[in-house]
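S.K.: Sending over model.pdb (PDB, C-alpha atoms).
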```pdb
ATOM      1  CA  MET A 600     -88.891  38.546  -2.636
ATOM      2  CA  VAL A 601     -90.858  37.889  -5.843
ATOM      3  CA  ARG A 602     -90.079  41.432  -6.964
ATOM      4  CA  LYS A 603     -86.337  40.703  -6.753
ATOM      5  CA  TRP A 604     -86.674  37.512  -8.815
ATOM      6  CA  VAL A 605     -88.616  39.367 -11.497
ATOM      7  CA  TRP A 606     -86.022  42.135 -11.765
ATOM      8  CA  TRP A 607     -83.063  39.723 -11.752
ATOM      9  CA  SER A 608     -84.822  37.641 -14.427
ATOM     10  CA  LEU A 609     -85.184  40.768 -16.545
ATOM     11  CA  VAL A 610     -81.474  41.512 -16.003
ATOM     12  CA  GLY A 611     -80.602  38.017 -17.228
ATOM     13  CA  ILE A 612     -82.870  38.296 -20.255
ATOM     14  CA  TRP A 613     -81.448  41.714 -21.167
ATOM     15  CA  CYS A 614     -77.884  40.389 -20.840
ATOM     16  CA  LEU A 615     -78.850  37.605 -23.267
ATOM     17  CA  VAL A 616     -80.315  40.160 -25.673
ATOM     18  CA  ILE A 617     -77.068  42.160 -25.604
ATOM     19  CA  TYR A 618     -75.080  38.937 -26.074
ATOM     20  CA  GLY A 619     -77.289  38.024 -29.029
ATOM     21  CA  PHE A 620     -76.650  41.373 -30.710
ATOM     22  CA  SER A 621     -72.911  40.910 -30.200
ATOM     23  CA  GLU A 622     -73.046  37.368 -31.544
ATOM     24  CA  ALA A 623     -75.051  38.127 -34.681
ATOM     25  CA  SER A 624     -73.017  39.086 -37.721
ATOM     26  CA  TYR A 625     -76.104  40.900 -38.984
ATOM     27  CA  PHE A 626     -75.281  43.811 -36.665
ATOM     28  CA  THR A 627     -71.767  44.574 -37.899
ATOM     29  CA  GLY A 628     -71.058  48.165 -38.860
ATOM     30  CA  GLU A 629     -70.858  47.218 -42.515
ATOM     31  CA  ASN A 630     -74.272  45.524 -42.474
ATOM     32  CA  THR A 631     -75.999  48.312 -40.588
ATOM     33  CA  ALA A 632     -74.506  50.856 -43.024
ATOM     34  CA  ARG A 633     -75.830  48.830 -45.974
ATOM     35  CA  ILE A 634     -79.294  48.609 -44.386
ATOM     36  CA  LEU A 635     -79.266  52.316 -43.636
ATOM     37  CA  GLN A 636     -78.275  53.162 -47.207
ATOM     38  CA  LYS A 637     -81.165  51.071 -48.547
ATOM     39  CA  TRP A 638     -83.569  52.575 -46.017
ATOM     40  CA  ILE A 639     -82.599  56.152 -46.851
ATOM     41  CA  GLY A 640     -82.722  55.232 -50.527
ATOM     42  CA  HIS A 641     -79.912  57.488 -51.700
ATOM     43  CA  GLU A 642     -78.062  56.112 -54.702
ATOM     44  CA  GLY A 643     -74.364  56.688 -55.252
ATOM     45  CA  TRP A 644     -73.061  56.273 -51.704
ATOM     46  CA  GLU A 645     -69.928  54.232 -51.537
ATOM     47  CA  GLU A 646     -69.209  52.029 -48.533
ATOM     48  CA  GLY A 647     -68.203  54.263 -45.629
ATOM     49  CA  GLU A 648     -68.825  57.518 -47.499
ATOM     50  CA  GLY A 649     -71.565  60.114 -47.518
ATOM     51  CA  ALA A 650     -74.217  60.908 -44.946
ATOM     52  CA  ALA A 651     -74.881  57.221 -44.168
ATOM     53  CA  SER A 652     -71.526  56.860 -42.462
ATOM     54  CA  PRO A 653     -72.060  59.553 -39.778
ATOM     55  CA  LEU A 654     -75.688  58.483 -39.346
ATOM     56  CA  ASN A 655     -74.620  54.841 -39.018
ATOM     57  CA  PHE A 656     -72.064  55.885 -36.403
ATOM     58  CA  VAL A 657     -74.630  57.863 -34.390
ATOM     59  CA  ILE A 658     -77.219  55.075 -34.506
ATOM     60  CA  ARG A 659     -74.705  52.418 -33.477
ATOM     61  CA  LYS A 660     -73.337  54.489 -30.575
ATOM     62  CA  PHE A 661     -76.863  55.389 -29.441
ATOM     63  CA  ALA A 662     -77.614  51.655 -29.402
ATOM     64  CA  HIS A 663     -74.671  51.181 -27.006
ATOM     65  CA  LEU A 664     -75.850  54.064 -24.795
ATOM     66  CA  SER A 665     -79.419  52.843 -24.594
ATOM     67  CA  ALA A 666     -78.701  49.106 -24.239
ATOM     68  CA  PHE A 667     -76.369  49.589 -21.298
ATOM     69  CA  GLY A 668     -78.531  52.335 -19.834
ATOM     70  CA  ILE A 669     -81.434  49.887 -19.763
ATOM     71  CA  LEU A 670     -79.182  47.245 -18.213
ATOM     72  CA  ALA A 671     -78.102  49.633 -15.448
ATOM     73  CA  VAL A 672     -81.718  50.558 -14.653
ATOM     74  CA  LEU A 673     -82.734  46.894 -14.497
ATOM     75  CA  VAL A 674     -79.854  46.081 -12.141
ATOM     76  CA  PHE A 675     -80.685  49.130 -10.035
ATOM     77  CA  GLN A 676     -84.300  47.981  -9.727
ATOM     78  CA  ALA A 677     -83.129  44.508  -8.700
ATOM     79  CA  LEU A 678     -80.893  45.994  -5.994
ATOM     80  CA  TYR A 679     -83.104  48.844  -4.775
ATOM     81  CA  PRO A 680     -83.370  49.923  -1.899
ATOM     82  CA  LYS A 681     -80.000  48.508  -0.888
ATOM     83  CA  ARG A 682     -77.214  50.879  -0.045
ATOM     84  CA  TRP A 683     -74.889  51.543  -2.983
ATOM     85  CA  ALA A 684     -77.506  50.326  -5.494
ATOM     86  CA  TYR A 685     -76.503  53.080  -7.935
ATOM     87  CA  VAL A 686     -72.802  52.234  -7.697
ATOM     88  CA  TRP A 687     -73.352  48.489  -8.080
ATOM     89  CA  ALA A 688     -75.757  48.975 -10.983
ATOM     90  CA  TRP A 689     -73.288  51.221 -12.811
ATOM     91  CA  SER A 690     -70.404  48.824 -12.065
ATOM     92  CA  PHE A 691     -72.363  45.823 -13.324
ATOM     93  CA  ALA A 692     -73.268  47.588 -16.590
ATOM     94  CA  ALA A 693     -69.716  48.864 -17.132
ATOM     95  CA  VAL A 694     -68.136  45.466 -16.498
ATOM     96  CA  TYR A 695     -70.704  43.745 -18.707
ATOM     97  CA  GLY A 696     -69.913  46.325 -21.407
ATOM     98  CA  ALA A 697     -66.225  45.424 -21.157
ATOM     99  CA  THR A 698     -66.950  41.693 -21.353
ATOM    100  CA  ASP A 699     -69.274  42.332 -24.296
ATOM    101  CA  GLU A 700     -66.486  44.072 -26.204
ATOM    102  CA  TRP A 701     -64.102  41.258 -25.314
ATOM    103  CA  HIS A 702     -66.678  38.779 -26.651
ATOM    104  CA  GLN A 703     -66.942  40.792 -29.879
ATOM    105  CA  SER A 704     -63.191  40.496 -30.402
ATOM    106  CA  PHE A 705     -63.742  36.791 -31.144
ATOM    107  CA  GLU A 706     -66.606  37.305 -33.598
ATOM    108  CA  PRO A 707     -65.895  37.501 -37.348
ATOM    109  CA  GLY A 708     -66.600  40.951 -38.756
ATOM    110  CA  ARG A 709     -66.845  42.526 -35.289
ATOM    111  CA  THR A 710     -64.374  44.807 -33.600
ATOM    112  CA  ALA A 711     -63.747  45.395 -29.919
ATOM    113  CA  LEU A 712     -63.288  49.068 -29.098
ATOM    114  CA  PHE A 713     -62.380  50.610 -25.771
ATOM    115  CA  SER A 714     -64.401  53.658 -26.809
ATOM    116  CA  ASP A 715     -67.507  51.447 -26.894
ATOM    117  CA  VAL A 716     -66.840  50.384 -23.300
ATOM    118  CA  VAL A 717     -66.670  54.069 -22.352
ATOM    119  CA  ILE A 718     -69.925  54.727 -24.228
ATOM    120  CA  ASP A 719     -71.562  51.756 -22.456
ATOM    121  CA  ALA A 720     -70.470  53.115 -19.073
ATOM    122  CA  CYS A 721     -71.699  56.614 -19.997
ATOM    123  CA  GLY A 722     -75.072  55.189 -21.066
ATOM    124  CA  ALA A 723     -75.371  53.451 -17.700
ATOM    125  CA  LEU A 724     -74.420  56.659 -15.886
ATOM    126  CA  VAL A 725     -76.900  58.805 -17.810
ATOM    127  CA  ALA A 726     -79.728  56.327 -17.220
ATOM    128  CA  LEU A 727     -78.970  56.101 -13.501
ATOM    129  CA  CYS A 728     -78.835  59.903 -13.246
ATOM    130  CA  LEU A 729     -82.290  60.030 -14.841
ATOM    131  CA  VAL A 730     -83.548  57.468 -12.304
ATOM    132  CA  TRP A 731     -82.075  59.540  -9.479
ATOM    133  CA  MET A 732     -83.704  62.734 -10.799
ATOM    134  CA  TRP A 733     -87.036  60.936 -11.145
ATOM    135  CA  GLN A 734     -86.785  59.690  -7.559
ATOM    136  CA  GLN A 735     -85.894  63.149  -6.274
ATOM    137  CA  ARG A 736     -88.871  64.603  -8.064
ATOM    138  CA  ARG A 737     -91.187  62.013  -6.508
ATOM    139  CA  LYS A 738     -89.821  62.548  -2.973
ATOM    140  CA  PRO A 739     -91.835  65.669  -2.122
ATOM    141  CA  ALA A 740     -95.061  63.942  -3.216
ATOM    142  CA  ARG A 741     -94.322  60.946  -0.961
ATOM    143  CA  LEU A 742     -93.531  63.237   1.965
ATOM    144  CA  LYS A 743     -96.773  65.157   1.506
ATOM    145  CA  ARG A 744     -98.768  61.918   1.546
ATOM    146  CA  LYS A 745     -97.050  60.815   4.774
ATOM    147  CA  ILE A 746     -97.728  64.141   6.481
ATOM    148  CA  SER A 747    -101.429  64.226   5.484
TER     149      SER A 747
END
```
Is it possible to express this structure as structure tokens?
M.R.:
Amino acid sequence: MVRKWVWWSLVGIWCLVIYGFSEASYFTGENTARILQKWIGHEGWEEGEGAASPLNFVIRKFAHLSAFGILAVLVFQALYPKRWAYVWAWSFAAVYGATDEWHQSFEPGRTALFSDVVIDACGALVALCLVWMWQQRRKPARLKRKIS
């Protein structure tokens, strides 16, 4: 029972972290591009031009993939070993991704994109597939221990 409370607490904390990133104007595409340009240190890039723009895009989309992948794994851990834990974990992450984009539509300087919801759902799916593969790989070892 304590295990469930720990995992659900982590789910709640992670949802608050995602909400905080959506709320903060510091994480708009324009600001992250500016930070990236300073970090790379290449002079002469205009806003939205040059190598910073594709790199900014990749970093921002990877952030979506990983944030919602982590959320899906946390929800899965909170639900495991219940039947349909994978489906419910993916559904939770996908719906939270949609509500996160809806929340961003009200924030100044932020945009809500359906493509980000798709990326969030894909991040959750990839993470859950990795969990499944990890569990499958551990199965033979558990069976050997039971037989011995």
S.K.: Can you tell me how far CA of Leu727 (chain A) sits from CA of Leu678 (chain A), in Å to one decimal?
M.R.: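 Going from CA of Leu727 (chain A) over to CA of Leu678 (chain A), I get 12.7 Å.
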S.K.: With all atoms listed in the file as the atoms that count, which of A:Cys721, A:Val601, A:Ile617, A:Val610 lies nearest to Thr698 (chain A)?
M.R.: A:Ile617
S.K.: Would you work out the distance separating CA of Pro653 (chain A) from CA of Gln636 (chain A), expressed in Å to one decimal?
M.R.: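 Here the two named atoms are 11.6 Å from each other.
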S.K.: With all atoms listed in the file as the basis for distance, which of A:Tyr679, A:Trp613, A:Trp733, A:Trp701 is at the shortest distance from Val716 (chain A)?
M.R.: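 For Val716 (chain A), the nearest of the candidates is A:Trp701.
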S.K.: Got a sec: who's within 12 Å of Lys660 (chain A), counting all atoms listed in the file, leaving out chain neighbours fewer than 4 positions off, as a tab-separated table (two decimals) with C-alpha atoms, keeping the file's coordinate frame?
M.R.:
```tsv
chain	number	residue	atom	x	y	z
A	628	GLY	CA	-71.06	48.16	-38.86
A	653	PRO	CA	-72.06	59.55	-39.78
A	654	LEU	CA	-75.69	58.48	-39.35
A	655	ASN	CA	-74.62	54.84	-39.02
A	656	PHE	CA	-72.06	55.88	-36.40
A	664	LEU	CA	-75.85	54.06	-24.80
A	665	SER	CA	-79.42	52.84	-24.59
A	666	ALA	CA	-78.70	49.11	-24.24
A	667	PHE	CA	-76.37	49.59	-21.30
A	712	LEU	CA	-63.29	49.07	-29.10
A	714	SER	CA	-64.40	53.66	-26.81
A	715	ASP	CA	-67.51	51.45	-26.89
A	716	VAL	CA	-66.84	50.38	-23.30
A	717	VAL	CA	-66.67	54.07	-22.35
A	718	ILE	CA	-69.92	54.73	-24.23
A	719	ASP	CA	-71.56	51.76	-22.46
A	720	ALA	CA	-70.47	53.12	-19.07
A	721	CYS	CA	-71.70	56.61	-20.00
A	722	GLY	CA	-75.07	55.19	-21.07
```
S.K.: Between CA of Leu670 (chain A) and CA of Ala688 (chain A), what is the distance, to one decimal in Å?
M.R.: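 It comes out at 8.2 Å.
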S.K.: For the provided coordinates, the residues matched by the PyMOL selection byres ((chain A and resi 684) around 12) should be stated as an MDAnalysis selection string.
M.R.: chainID A and resid 671:683 685:691 727 730:731
S.K.: Set the distance at 9 Å and use all atoms listed in the file: which residues neighbour His702 (chain A) once local chain neighbours fewer than 3 positions away are removed? I'd like the list as number ranges by chain.
M.R.: A: 618, 621-622, 697-699, 705-706, 711
